[in-house]
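First comes the structure, then the notes that go with it.
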Amino acid sequence: MKTKILACVAWACAAGAMAAPFPHGDPKIGQKLVADKNCNSCHAQRFGGTGEKIYTRAERRVTTAQKLAAQVSACNANVNAGLFPEEEEHVAAFLNQQYYKFK
């Protein structure tokens, strides 16, 4: 019985991870990183307001989860934010949850 329960839990976790575009990302950690690194200040300089327009504008470059991950990585490199790859995934998970909604 215990083996069956463990097998069901493992299957459910694997199924959920495969469905998510950022399976190891934690949106709460990502939100804190975006705030701590002051990401929206750079976006505000380019797009005005609070900087959130970069995520919601009609002509946005990010149209897939892969492009989101690449853009987070590019921003990290361009501004020398010092994020580790796992932190980039947290940021991407947060941005996806908050704005993009990629499956």
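In the structure tokens, each chain is lettered A, B, ... as it comes, each chain's residues begin at 1, and ligands are numbered from 1 in order of appearance.
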
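Proximity to A:Glu88 at 8 Å, evaluated using only C-alpha atoms and with sequence-adjacent residues fewer than 3 positions away removed, yields A:Gly30, A:Ala69, A:Val72, A:Ser73, A:Asn76, A:Leu83, A:Phe84, A:Pro85, A:Val91, A:Ala92.
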
Taking 5 positions as the minimum chain separation for residues in the same chain, which residues sit within 9 Å of A:Thr63 when counting only C-alpha atoms? Answer as a list of chain:residue names.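 Residues meeting the cut-off are A:Leu68, A:Tyr100, A:Phe102.
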
Please, what distance in Å, to one decimal, runs between atom CA of A:His24 and atom CA of A:Ser41?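 So the answer is 26.5 Å.
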
Would you please extract all alpha helix (DSSP H) residues from chain A, as assigned by DSSP on the backbone, and give them as a PyMOL selection string? chain A and resi 2-19+27-36+39-47+53-56+65-78+85-95

Would you mind listing what lies within 8 Å of A:Pro21 as an mmCIF file with N, CA and C atoms, in the first residue's frame, with only C-alpha atoms counted and same-chain residues fewer than 3 positions away left out?
data_model
loop_
_atom_site.group_PDB
_atom_site.id
_atom_site.type_symbol
_atom_site.label_atom_id
_atom_site.label_comp_id
_atom_site.auth_asym_id
_atom_site.auth_seq_id
_atom_site.Cartn_x
_atom_site.Cartn_y
_atom_site.Cartn_z
ATOM 1 N N MET A 18 6.384 18.420 -15.590
ATOM 2 C CA MET A 18 6.484 18.396 -17.044
ATOM 3 C C MET A 18 5.545 19.419 -17.673
ATOM 4 N N ALA A 65 7.780 30.507 -23.644
ATOM 5 C CA ALA A 65 8.518 30.290 -22.399
ATOM 6 C C ALA A 65 10.023 30.292 -22.665
ATOM 7 N N ALA A 93 9.829 32.180 -13.724
ATOM 8 C CA ALA A 93 8.598 31.590 -13.173
ATOM 9 C C ALA A 93 7.670 32.683 -12.650
ATOM 10 N N PHE A 102 2.401 31.303 -19.890
ATOM 11 C CA PHE A 102 2.753 30.213 -20.796
ATOM 12 C C PHE A 102 2.518 28.876 -20.084
ATOM 13 N N LYS A 103 2.095 27.890 -20.822
ATOM 14 C CA LYS A 103 1.801 26.560 -20.242
ATOM 15 C C LYS A 103 2.964 25.634 -20.416
#

Neighbours of A:Lys28 within 8 Å (only C-alpha atoms; same-chain residues fewer than 4 positions away dropped), as a list in words? Lys32, His90 and Phe94 of chain A

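Here atom CA of A:Asp36 and atom CA of A:Thr56 stand 21.3 Å from one another.
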
Work out how far apart atom CA of A:Leu33 and atom CA of A:Cys75 are and give it in Å to one decimal.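 Atom-to-atom, atom CA of A:Leu33 to atom CA of A:Cys75, that is 13.0 Å.
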